[in-house]
$ cat run32.tsv   # TSV, C-alpha atoms
chain	number	residue	atom	x	y	z
S	265	MET	CA	-6.24	-39.40	-1.08
S	266	LEU	CA	-7.43	-37.56	2.00
S	267	PRO	CA	-10.21	-39.03	4.19
S	268	ASN	CA	-10.42	-35.88	6.30
S	269	ALA	CA	-10.24	-36.03	10.11
S	270	TRP	CA	-12.10	-33.98	12.70
S	271	ASP	CA	-10.42	-34.96	15.98
S	272	ALA	CA	-7.52	-36.99	17.36
S	273	ALA	CA	-9.38	-40.32	17.25
S	274	SER	CA	-10.47	-39.95	13.63
S	275	ALA	CA	-6.95	-38.79	12.69
S	276	ARG	CA	-5.42	-41.89	14.26
S	277	ILE	CA	-7.94	-44.19	12.57
S	278	ILE	CA	-7.10	-42.63	9.20
S	279	GLU	CA	-3.36	-42.78	9.88
S	280	SER	CA	-3.56	-46.43	10.94
S	281	ALA	CA	-5.35	-47.23	7.66
S	282	GLY	CA	-2.19	-46.15	5.84
S	283	ALA	CA	-2.73	-42.46	5.07
S	284	PRO	CA	0.63	-40.73	4.43
S	285	ALA	CA	-0.83	-37.38	5.55
S	286	ILE	CA	-3.77	-36.10	7.59
S	287	ALA	CA	-6.01	-33.26	6.49
S	288	THR	CA	-8.79	-31.83	8.64
S	289	THR	CA	-12.36	-30.98	7.74
S	290	SER	CA	-13.48	-27.59	9.00
S	291	ALA	CA	-17.14	-28.63	9.01
S	292	GLY	CA	-16.38	-31.84	10.89
S	293	MET	CA	-14.26	-30.05	13.50
S	294	ALA	CA	-17.00	-27.47	14.03
S	295	TRP	CA	-19.74	-30.12	14.40
S	296	ALA	CA	-17.60	-32.17	16.80
S	297	LEU	CA	-17.21	-29.13	19.05
S	298	GLY	CA	-20.83	-27.99	18.93
S	299	TYR	CA	-20.81	-25.34	16.21
S	300	ALA	CA	-22.25	-24.98	12.73
S	301	ASP	CA	-19.83	-24.78	9.82
S	302	GLY	CA	-18.70	-21.43	8.42
S	303	GLU	CA	-16.00	-19.95	10.71
S	304	ARG	CA	-18.31	-20.21	13.71
S	305	LEU	CA	-15.76	-22.37	15.52
S	306	PRO	CA	-13.76	-20.04	17.81
S	307	VAL	CA	-10.11	-19.92	16.85
S	308	HIS	CA	-8.92	-21.04	20.30
S	309	ASP	CA	-11.05	-24.19	19.93
S	310	LEU	CA	-9.61	-24.75	16.46
S	311	LEU	CA	-6.06	-24.47	17.80
S	312	ALA	CA	-6.77	-26.76	20.75
S	313	ALA	CA	-8.23	-29.41	18.44
S	314	CYS	CA	-5.25	-29.13	16.08
S	315	GLU	CA	-2.84	-29.49	19.00
S	316	ARG	CA	-4.48	-32.79	19.96
S	317	ILE	CA	-4.33	-34.07	16.39
S	318	CYS	CA	-0.69	-33.09	15.90
S	319	ARG	CA	0.24	-34.68	19.22
S	320	SER	CA	-1.51	-37.93	18.32
S	321	VAL	CA	-0.17	-38.64	14.83
S	322	SER	CA	3.27	-38.91	13.29
S	323	THR	CA	2.26	-38.11	9.70
S	324	PRO	CA	2.17	-34.56	8.25
S	325	VAL	CA	-0.93	-32.54	9.14
S	326	SER	CA	-2.77	-30.01	6.98
S	327	VAL	CA	-5.48	-27.85	8.56
S	328	ASP	CA	-8.55	-26.39	6.89
S	329	ILE	CA	-8.70	-22.75	8.02
S	330	GLU	CA	-11.74	-21.86	5.90
S	331	ARG	CA	-11.37	-18.24	4.71
S	332	GLY	CA	-8.40	-17.58	6.99
S	333	TYR	CA	-10.33	-16.34	10.02
S	334	GLY	CA	-10.39	-12.74	11.15
S	335	ARG	CA	-10.89	-9.48	9.33
S	336	ASP	CA	-7.87	-9.41	7.07
S	337	ALA	CA	-4.62	-11.02	5.99
S	338	ASN	CA	-2.93	-9.95	9.24
S	339	ASP	CA	-5.24	-12.23	11.19
S	340	THR	CA	-4.55	-15.12	8.83
S	341	GLY	CA	-0.83	-14.60	9.31
S	342	GLY	CA	-1.29	-14.80	13.06
S	343	LEU	CA	-3.27	-18.01	12.83
S	344	VAL	CA	-0.74	-19.61	10.50
S	345	GLY	CA	2.08	-18.68	12.87
S	346	ALA	CA	0.30	-20.43	15.74
S	347	LEU	CA	-0.39	-23.53	13.62
S	348	LEU	CA	3.22	-23.78	12.52
S	349	GLN	CA	4.31	-23.86	16.14
S	350	LEU	CA	2.14	-26.94	16.59
S	351	GLY	CA	3.91	-28.71	13.74
S	352	VAL	CA	1.25	-28.16	11.06
S	353	VAL	CA	2.82	-28.23	7.59
S	354	GLY	CA	-0.16	-27.51	5.35
S	355	ILE	CA	-3.30	-25.40	5.18
S	356	ASN	CA	-6.43	-25.29	3.07
S	357	ILE	CA	-7.82	-21.77	2.62
S	358	GLU	CA	-10.82	-20.72	0.54
S	359	ASP	CA	-12.14	-17.61	-1.15
S	360	GLY	CA	-15.75	-18.45	-0.27
S	361	THR	CA	-18.93	-16.62	-1.15
S	362	GLN	CA	-20.66	-13.49	0.08
S	363	PRO	CA	-23.41	-14.57	2.51
S	364	ALA	CA	-26.01	-12.07	1.37
S	365	THR	CA	-25.77	-12.75	-2.37
S	366	ARG	CA	-23.89	-16.07	-2.68
S	367	LYS	CA	-21.68	-14.31	-5.21
S	368	PRO	CA	-17.96	-15.22	-5.17
S	369	SER	CA	-15.93	-13.21	-2.68
S	370	PRO	CA	-13.33	-10.87	-4.20
S	371	ALA	CA	-10.25	-12.77	-5.32
S	372	HIS	CA	-7.84	-10.12	-4.04
S	373	ALA	CA	-8.76	-10.89	-0.43
S	374	LEU	CA	-7.52	-14.47	-0.74
S	375	VAL	CA	-4.45	-13.34	-2.71
S	376	GLU	CA	-3.44	-11.19	0.26
S	377	ARG	CA	-4.09	-13.93	2.82
S	378	ILE	CA	-2.10	-16.49	0.81
S	379	ALA	CA	0.82	-14.08	0.46
S	380	CYS	CA	0.86	-13.42	4.20
S	381	ALA	CA	0.65	-17.13	5.02
S	382	ARG	CA	3.60	-17.76	2.72
S	383	ALA	CA	5.60	-14.96	4.37
S	384	VAL	CA	4.96	-16.37	7.85
S	385	ALA	CA	6.01	-19.84	6.69
S	386	GLN	CA	9.21	-18.50	5.17
S	387	HIS	CA	10.00	-16.71	8.42
S	388	HIS	CA	9.65	-20.00	10.29
S	389	GLU	CA	11.59	-21.80	7.55
S	390	VAL	CA	8.72	-24.24	7.03
S	391	PRO	CA	7.83	-25.35	3.47
S	392	LEU	CA	4.12	-24.88	4.17
S	393	PHE	CA	1.82	-26.46	1.56
S	394	ILE	CA	-0.93	-23.95	0.79
S	395	ASN	CA	-3.98	-25.46	-0.88
S	396	ALA	CA	-6.19	-22.67	-2.29
S	397	ARG	CA	-9.85	-23.58	-2.53
S	398	ILE	CA	-11.97	-21.83	-5.18
S	399	ASP	CA	-15.74	-21.78	-4.60
S	400	THR	CA	-16.89	-20.63	-8.03
S	401	TYR	CA	-18.73	-23.91	-8.63
S	402	LEU	CA	-20.61	-23.49	-5.36
S	403	ALA	CA	-21.45	-19.80	-5.84
S	404	ASP	CA	-24.26	-17.99	-7.61
S	405	ILE	CA	-22.46	-17.43	-10.90
S	406	ALA	CA	-23.46	-18.00	-14.52
S	407	PRO	CA	-22.52	-21.59	-15.44
S	408	ALA	CA	-21.05	-20.42	-18.74
S	409	SER	CA	-18.44	-18.28	-16.97
S	410	ARG	CA	-17.56	-20.62	-14.11
S	411	TYR	CA	-14.61	-22.31	-15.72
S	412	GLU	CA	-12.96	-19.11	-16.97
S	413	GLU	CA	-13.37	-17.42	-13.57
S	414	THR	CA	-12.00	-20.49	-11.83
S	415	GLU	CA	-8.90	-20.58	-14.01
S	416	ARG	CA	-8.32	-16.84	-13.57
S	417	ARG	CA	-8.49	-17.13	-9.79
S	418	ALA	CA	-6.35	-20.25	-9.72
S	419	LEU	CA	-3.48	-18.58	-11.55
S	420	ALA	CA	-3.72	-15.51	-9.30
S	421	TYR	CA	-3.60	-17.65	-6.16
S	422	ILE	CA	-0.62	-19.59	-7.50
S	423	ASP	CA	1.19	-16.32	-8.19
S	424	ALA	CA	0.52	-15.31	-4.58
S	425	GLY	CA	2.13	-18.51	-3.25
S	426	ALA	CA	-0.41	-21.34	-3.43
S	427	ASP	CA	1.01	-24.84	-3.94
S	428	GLY	CA	-2.26	-26.51	-4.93
S	429	ILE	CA	-5.72	-25.64	-6.21
S	430	PHE	CA	-8.93	-27.15	-4.82
S	431	VAL	CA	-12.21	-26.75	-6.70
S	432	PRO	CA	-15.16	-28.42	-4.94
S	433	GLY	CA	-18.10	-28.86	-7.27
S	434	LEU	CA	-15.91	-29.29	-10.34
S	435	SER	CA	-17.18	-32.60	-11.74
S	436	GLU	CA	-17.33	-32.45	-15.54
S	437	PRO	CA	-14.49	-34.65	-16.87
S	438	ASP	CA	-13.63	-32.28	-19.72
S	439	GLU	CA	-13.34	-29.29	-17.38
S	440	ILE	CA	-11.31	-31.27	-14.83
S	441	ALA	CA	-8.84	-32.36	-17.51
S	442	ARG	CA	-8.65	-28.88	-19.01
S	443	LEU	CA	-7.93	-27.21	-15.67
S	444	ALA	CA	-5.40	-29.87	-14.68
S	445	ARG	CA	-3.49	-29.19	-17.91
S	446	ARG	CA	-3.50	-25.43	-17.31
S	447	LEU	CA	-2.21	-25.53	-13.73
S	448	PRO	CA	1.49	-25.74	-12.82
S	449	VAL	CA	0.48	-27.13	-9.40
S	450	PRO	CA	-1.62	-30.16	-8.29
S	451	LEU	CA	-5.38	-30.04	-8.82
S	452	ASN	CA	-7.52	-31.15	-5.86
S	453	VAL	CA	-11.16	-32.24	-6.28
S	454	TYR	CA	-13.87	-33.18	-3.81
S	455	ALA	CA	-15.21	-36.73	-3.62
S	456	GLY	CA	-17.14	-36.72	-0.35
S	457	TYR	CA	-20.50	-37.55	-1.91
S	458	ALA	CA	-22.36	-40.52	-3.34
S	459	GLY	CA	-21.52	-41.24	-6.96
S	460	ALA	CA	-18.17	-39.42	-6.99
S	461	PRO	CA	-15.79	-40.65	-9.72
S	462	ALA	CA	-13.31	-43.32	-8.68
S	463	ALA	CA	-9.76	-42.31	-7.94
S	464	ALA	CA	-8.43	-44.11	-11.02
S	465	GLN	CA	-10.70	-42.08	-13.31
S	466	LEU	CA	-9.75	-38.80	-11.64
S	467	ARG	CA	-6.07	-39.68	-11.90
S	468	GLU	CA	-6.43	-40.21	-15.66
S	469	LEU	CA	-7.97	-36.74	-15.90
S	470	GLY	CA	-4.92	-35.22	-14.22
S	471	VAL	CA	-6.18	-34.88	-10.64
S	472	ARG	CA	-3.38	-35.15	-8.08
S	473	ARG	CA	-5.27	-34.82	-4.78
S	474	ILE	CA	-8.70	-36.04	-3.67
S	475	SER	CA	-10.44	-34.77	-0.52
S	476	LEU	CA	-13.35	-36.55	1.12
S	477	GLY	CA	-14.00	-33.44	3.22
S	478	CYS	CA	-16.80	-33.80	5.77
S	479	GLY	CA	-18.11	-36.90	3.98
S	480	PRO	CA	-16.51	-39.39	6.42
S	481	MET	CA	-17.97	-37.61	9.44
S	482	GLN	CA	-21.38	-37.38	7.78
S	483	SER	CA	-21.26	-41.14	7.30
S	484	VAL	CA	-20.12	-41.76	10.90
S	485	LEU	CA	-22.91	-39.54	12.25
S	486	SER	CA	-25.48	-41.38	10.15
S	487	HIS	CA	-24.18	-44.71	11.49
S	488	LEU	CA	-24.41	-43.40	15.05
S	489	GLN	CA	-27.94	-42.20	14.34
S	490	ARG	CA	-28.93	-45.74	13.34
S	491	ILE	CA	-27.27	-47.18	16.46
S	492	ALA	CA	-29.08	-44.72	18.72
S	493	HIS	CA	-32.47	-45.25	17.04
S	494	GLU	CA	-32.13	-49.02	17.23
S	495	ALA	CA	-31.21	-48.90	20.93
S	496	LEU	CA	-33.83	-46.35	21.95
S	497	ALA	CA	-36.75	-47.46	19.77
S	498	GLU	CA	-36.16	-51.20	19.58
S	499	GLY	CA	-33.97	-52.06	22.53
S	500	ARG	CA	-31.42	-53.79	20.30
S	501	TYR	CA	-27.70	-53.28	19.60
S	502	ASP	CA	-27.22	-55.22	16.37
S	503	THR	CA	-25.91	-52.33	14.24
S	504	MET	CA	-23.42	-51.31	16.92
S	505	ALA	CA	-22.17	-54.85	17.45
S	506	GLU	CA	-21.70	-55.67	13.76
S	507	ASP	CA	-18.23	-54.17	13.61
S	508	MET	CA	-16.50	-52.69	16.66
S	509	LEU	CA	-12.95	-51.99	17.72
S	510	THR	CA	-12.06	-53.71	20.96
S	511	VAL	CA	-11.16	-51.51	23.91
S	512	SER	CA	-7.59	-52.71	23.53
S	513	GLU	CA	-7.54	-51.72	19.84
S	514	ALA	CA	-8.97	-48.29	20.61
S	515	ASN	CA	-6.47	-47.70	23.41
S	516	GLY	CA	-3.72	-48.91	21.10
S	517	LEU	CA	-4.36	-45.98	18.76
S	518	PHE	CA	-2.78	-43.70	21.33
S	519	LYS	CA	0.68	-44.20	22.75
S	520	PRO	CA	1.94	-42.27	25.79
S	521	SER	CA	4.43	-39.61	24.78
S	522	ALA	CA	7.31	-38.56	27.01
S	523	ASP	CA	7.26	-35.17	25.35
S	524	VAL	CA	3.72	-34.37	26.46
S	525	ASP	CA	4.35	-33.39	30.05
S	526	VAL	CA	2.06	-30.39	30.44
S	527	PRO	CA	-1.57	-31.23	31.31
S	528	SER	CA	-3.87	-29.80	28.67
S	529	ALA	CA	-5.78	-27.84	31.29
S	530	GLN	CA	-2.58	-25.99	32.22
S	531	ARG	CA	-1.70	-24.99	28.66
S	532	THR	CA	-2.29	-21.37	27.80
S	533	LEU	CA	-4.41	-20.79	24.73
S	534	GLN	CA	-4.85	-17.14	23.86
S	535	ALA	CA	-6.68	-16.21	20.71
S	536	GLY	CA	-8.46	-13.18	19.40
S	537	MET	CA	-8.45	-13.04	15.64
S	538	GLY	CA	-9.89	-9.56	15.48
S	539	ASP	CA	-8.71	-7.66	18.50
S	540	GLY	CA	-5.75	-9.29	20.17
S	541	PRO	CA	-2.84	-11.70	19.94
S	542	VAL	CA	-3.05	-15.15	18.46
S	543	ALA	CA	-0.76	-17.28	20.56
S	544	LEU	CA	-0.32	-20.89	21.38
S	545	LEU	CA	2.20	-21.34	24.17
S	546	LEU	CA	3.55	-24.87	24.09
S	547	PRO	CA	6.86	-24.99	25.99
S	548	ARG	CA	7.36	-28.57	24.88
S	549	SER	CA	5.86	-29.70	21.60
S	550	SER	CA	5.99	-33.34	20.61
S	551	ARG	CA	5.33	-32.42	16.99
S	552	ALA	CA	7.78	-29.57	16.51
S	553	PRO	CA	10.56	-30.02	19.10
S	554	ASP	CA	13.22	-28.09	17.19
S	555	LEU	CA	10.96	-25.09	16.63
S	556	ALA	CA	9.52	-25.04	20.14
S	557	ARG	CA	12.76	-25.60	22.03
S	558	SER	CA	15.40	-23.83	19.99
S	559	ARG	CA	13.80	-20.39	20.17
S	560	PRO	CA	11.24	-18.58	22.31
S	561	VAL	CA	7.64	-19.12	21.35
S	562	GLU	CA	6.63	-16.17	19.22
S	563	LEU	CA	3.47	-14.16	19.71
S	564	THR	CA	2.00	-13.28	16.34
S	565	THR	CA	-0.30	-10.28	16.66
S	566	ARG	CA	-2.27	-7.97	14.44
S	567	ASN	CA	0.48	-5.38	14.80
S	568	GLY	CA	3.51	-7.53	14.20
S	569	LEU	CA	5.63	-10.49	15.09
S	570	LEU	CA	7.97	-10.71	18.05
S	571	GLY	CA	11.16	-11.94	16.46
S	572	ASP	CA	13.64	-11.08	13.73
S	573	ALA	CA	12.56	-9.25	10.62
S	574	SER	CA	14.23	-11.51	8.06
S	575	TRP	CA	10.91	-12.48	6.50
S	576	ARG	CA	9.81	-8.87	6.26
S	577	ASN	CA	12.97	-7.94	4.37
S	578	GLY	CA	12.54	-10.83	1.97
S	579	CYS	CA	8.93	-9.90	1.19
S	580	THR	CA	9.25	-6.18	0.66
S	581	GLN	CA	12.22	-5.96	-1.67
S	582	GLY	CA	12.07	-5.76	-5.43
S	583	ASN	CA	9.28	-4.25	-7.49
S	584	ALA	CA	6.44	-4.81	-5.04
S	585	PRO	CA	3.74	-2.16	-5.41
S	586	THR	CA	3.10	0.36	-2.66
S	587	ALA	CA	-0.09	-1.42	-1.57
S	588	TRP	CA	1.84	-4.66	-1.13
S	589	ARG	CA	4.50	-2.92	0.98
S	590	ARG	CA	1.81	-1.33	3.13
S	591	LEU	CA	0.16	-4.72	3.62
S	592	MET	CA	3.38	-6.42	4.67
S	593	ALA	CA	4.38	-3.52	6.92
S	594	SER	CA	1.02	-3.84	8.65
S	595	LEU	CA	1.53	-7.56	9.16
S	596	LEU	CA	5.18	-7.47	10.16
S	597	GLY	CA	5.41	-4.19	11.99
S	598	GLU	CA	8.04	-1.47	11.66
S	599	ARG	CA	11.05	-1.02	13.90
S	600	SER	CA	11.62	2.62	14.64
S	601	HIS	CA	12.96	4.85	17.39
S	602	GLY	CA	14.83	1.89	18.86
S	603	THR	CA	11.68	-0.10	19.67
S	604	GLU	CA	10.20	-3.22	18.15
S	605	ALA	CA	6.68	-3.23	16.80
S	606	GLY	CA	4.09	-5.66	17.96
S	607	THR	CA	5.06	-5.71	21.63
S	608	ARG	CA	1.60	-5.65	23.06

$ encode --input "run32.tsv" --output "structure tokens"
Amino acid sequence: MLPNAWDAASARIIESAGAPAIATTSAGMAWALGYADGERLPVHDLLAACERICRSVSTPVSVDIERGYGRDANDTGGLVGALLQLGVVGINIEDGTQPATRKPSPAHALVERIACARAVAQHHEVPLFINARIDTYLADIAPASRYEETERRALAYIDAGADGIFVPGLSEPDEIARLARRLPVPLNVYAGYAGAPAAAQLRELGVRRISLGCGPMQSVLSHLQRIAHEALAEGRYDTMAEDMLTVSEANGLFKPSADVDVPSAQRTLQAGMGDGPVALLLPRSSRAPDLARSRPVELTTRNGLLGDASWRNGCTQGNAPTAWRRLMASLLGERSHGTEAGTR
């Protein structure tokens, strides 16, 4: 059960309620930082927000990266590399729809991004949980063919390296149960709306993961709207005062960390998903001390990765088709003439 977080405070509230893991909502993070949903949140703001969440909680963190950011799988690989260095251990990535037509985006694009994310995780020796979201039930597609297309995409994404399948909009009990039986990985459904089935019912249908998505933030914003209207229009504070954390309780959500010794304003956040390096330089990371301190921080770029090529070798052997080898060579770079690719 994932009541999704959008900042450090919401993550700590959810953790303190007993959540064994924290997942973010991309829409909620965008709204909290002044952007509309839909990859309009700049990647450096996404990384900065994730750094604060990872620093504030002790439970595993999964980040919603929408369609993977950037133009291609290379960019997604760069983003995943930066997130792993923060201590993130899971991502949610979607195929989405084409803005002009609302038709489903090509499945092969997400297959490539998932494969690259898996390769980056293997390089870092992190068992990254990749949750692949399928938007067929939100797209402009004939209802009669939705289920079959969803199942086809799900199996392709699993073959590429996905550990879970998320299908928002899937609500018919028979289809939920049928898909859950067909998948060798957990099925995730969305319950961030009024009238969503109870967890017990979804469990009986075979669902293994439930996301509330941006629903919690939508509810919080509505509550704040009522508080503001009551104060401004009526001069009263009843709604606000009905149920409040004390200042001591709010402060108690956050404990000083000896590992966080670099003021946030002095941290270097460099990000350019399309044209430059994606880097998050954290000399001392409270969430991933072994990774951050036992090796130099790696700069993942569009042209390659500064570091050993063990993950490249593991991904390009065997019967991979030529297109796959070209894709991985583009992501990982080629070492030739005594120089290492990706040094810019």

$ atom_distance --input "run32.tsv" --atom1 "CA of Leu496 in chain S" --atom2 "CA of Gly456 in chain S"
29.5 Å

$ atom_distance --input "run32.tsv" --atom1 "CA of Thr414 in chain S" --atom2 "CA of Pro267 in chain S"
24.6 Å

$ residues_near_point --input "run32.tsv" --point "(-29.3, -53.2, 16.9)" --cutoff "12 Å" --atoms "all atoms listed in the file" --output "list in words"
His487, Leu488, Gln489, Arg490, Ile491, Ala492, His493, Glu494, Ala495, Leu496, Ala497, Glu498, Gly499, Arg500, Tyr501, Asp502, Thr503, Met504, Ala505, Glu506 and Asp507 of chain S

$ atom_distance --input "run32.tsv" --atom1 "CA of Pro391 in chain S" --atom2 "CA of Pro324 in chain S"
11.8 Å

$ closest_residue --input "run32.tsv" --among "S:Asp404, S:Ala364, S:Pro370, S:Ile286" --to "Val352 in chain S" --atoms "only C-alpha atoms"
S:Ile286

$ residues_around --input "run32.tsv" --residues "Leu402 in chain S" --least-positions-apart "4" --cutoff "9 Å" --atoms "all atoms listed in the file" --output "ChimeraX atom specification"
/S:360-361,366,368,398,432-434

$ residues_around --input "run32.tsv" --residues "Val325 in chain S" --least-positions-apart "5" --cutoff "7 Å" --atoms "only C-alpha atoms" --output "short mmCIF file (atom, residue, chain, number, x, y, z; two decimals) with C-alpha atoms, in the frame of the given file"
data_model
loop_
_atom_site.label_atom_id
_atom_site.label_comp_id
_atom_site.auth_asym_id
_atom_site.auth_seq_id
_atom_site.Cartn_x
_atom_site.Cartn_y
_atom_site.Cartn_z
CA ALA S 285 -0.83 -37.38 5.55
CA ILE S 286 -3.77 -36.10 7.59
CA ALA S 287 -6.01 -33.26 6.49
CA CYS S 318 -0.69 -33.09 15.90
CA VAL S 352 1.25 -28.16 11.06
CA VAL S 353 2.82 -28.23 7.59
CA GLY S 354 -0.16 -27.51 5.35
#

$ closest_residue --input "run32.tsv" --among "S:Met481, S:Ile394, S:Ala275, S:Met265" --to "Glu358 in chain S" --atoms "all atoms listed in the file"
S:Ile394

$ build_atoms --input "run32.tsv" --residues "range 478-495 of chain S" --atoms "N, CA and C atoms" --output "PDB file, in the frame of the given file"
ATOM      1  N   CYS S 478     -15.970 -33.412   4.616  1.00  0.00           N
ATOM      2  CA  CYS S 478     -16.800 -33.800   5.770  1.00  0.00           C
ATOM      3  C   CYS S 478     -17.575 -35.085   5.504  1.00  0.00           C
ATOM      4  N   GLY S 479     -17.391 -35.686   4.315  1.00  0.00           N
ATOM      5  CA  GLY S 479     -18.110 -36.900   3.980  1.00  0.00           C
ATOM      6  C   GLY S 479     -17.927 -38.031   4.993  1.00  0.00           C
ATOM      7  N   PRO S 480     -16.675 -38.328   5.427  1.00  0.00           N
ATOM      8  CA  PRO S 480     -16.510 -39.390   6.420  1.00  0.00           C
ATOM      9  C   PRO S 480     -17.267 -39.134   7.712  1.00  0.00           C
ATOM     10  N   MET S 481     -17.253 -37.877   8.194  1.00  0.00           N
ATOM     11  CA  MET S 481     -17.970 -37.610   9.440  1.00  0.00           C
ATOM     12  C   MET S 481     -19.478 -37.703   9.217  1.00  0.00           C
ATOM     13  N   GLN S 482     -19.960 -37.239   8.070  1.00  0.00           N
ATOM     14  CA  GLN S 482     -21.380 -37.380   7.780  1.00  0.00           C
ATOM     15  C   GLN S 482     -21.804 -38.846   7.829  1.00  0.00           C
ATOM     16  N   SER S 483     -20.955 -39.712   7.290  1.00  0.00           N
ATOM     17  CA  SER S 483     -21.260 -41.140   7.300  1.00  0.00           C
ATOM     18  C   SER S 483     -21.230 -41.698   8.720  1.00  0.00           C
ATOM     19  N   VAL S 484     -20.227 -41.291   9.514  1.00  0.00           N
ATOM     20  CA  VAL S 484     -20.120 -41.760  10.900  1.00  0.00           C
ATOM     21  C   VAL S 484     -21.332 -41.297  11.713  1.00  0.00           C
ATOM     22  N   LEU S 485     -21.746 -40.048  11.518  1.00  0.00           N
ATOM     23  CA  LEU S 485     -22.910 -39.540  12.250  1.00  0.00           C
ATOM     24  C   LEU S 485     -24.181 -40.299  11.866  1.00  0.00           C
ATOM     25  N   SER S 486     -24.320 -40.617  10.591  1.00  0.00           N
ATOM     26  CA  SER S 486     -25.480 -41.380  10.150  1.00  0.00           C
ATOM     27  C   SER S 486     -25.486 -42.777  10.779  1.00  0.00           C
ATOM     28  N   HIS S 487     -24.293 -43.388  10.865  1.00  0.00           N
ATOM     29  CA  HIS S 487     -24.180 -44.710  11.490  1.00  0.00           C
ATOM     30  C   HIS S 487     -24.559 -44.626  12.965  1.00  0.00           C
ATOM     31  N   LEU S 488     -24.074 -43.587  13.646  1.00  0.00           N
ATOM     32  CA  LEU S 488     -24.410 -43.400  15.050  1.00  0.00           C
ATOM     33  C   LEU S 488     -25.909 -43.162  15.233  1.00  0.00           C
ATOM     34  N   GLN S 489     -26.491 -42.443  14.294  1.00  0.00           N
ATOM     35  CA  GLN S 489     -27.940 -42.200  14.340  1.00  0.00           C
ATOM     36  C   GLN S 489     -28.703 -43.518  14.289  1.00  0.00           C
ATOM     37  N   ARG S 490     -28.274 -44.438  13.433  1.00  0.00           N
ATOM     38  CA  ARG S 490     -28.930 -45.740  13.340  1.00  0.00           C
ATOM     39  C   ARG S 490     -28.747 -46.538  14.635  1.00  0.00           C
ATOM     40  N   ILE S 491     -27.531 -46.481  15.202  1.00  0.00           N
ATOM     41  CA  ILE S 491     -27.270 -47.180  16.460  1.00  0.00           C
ATOM     42  C   ILE S 491     -28.184 -46.655  17.562  1.00  0.00           C
ATOM     43  N   ALA S 492     -28.276 -45.328  17.665  1.00  0.00           N
ATOM     44  CA  ALA S 492     -29.080 -44.720  18.720  1.00  0.00           C
ATOM     45  C   ALA S 492     -30.557 -45.040  18.531  1.00  0.00           C
ATOM     46  N   HIS S 493     -31.060 -44.963  17.292  1.00  0.00           N
ATOM     47  CA  HIS S 493     -32.470 -45.250  17.040  1.00  0.00           C
ATOM     48  C   HIS S 493     -32.782 -46.708  17.375  1.00  0.00           C
ATOM     49  N   GLU S 494     -31.898 -47.603  16.963  1.00  0.00           N
ATOM     50  CA  GLU S 494     -32.130 -49.020  17.230  1.00  0.00           C
ATOM     51  C   GLU S 494     -32.168 -49.303  18.730  1.00  0.00           C
ATOM     52  N   ALA S 495     -31.254 -48.673  19.482  1.00  0.00           N
ATOM     53  CA  ALA S 495     -31.210 -48.900  20.930  1.00  0.00           C
ATOM     54  C   ALA S 495     -32.426 -48.294  21.620  1.00  0.00           C
TER      55      ALA S 495
END
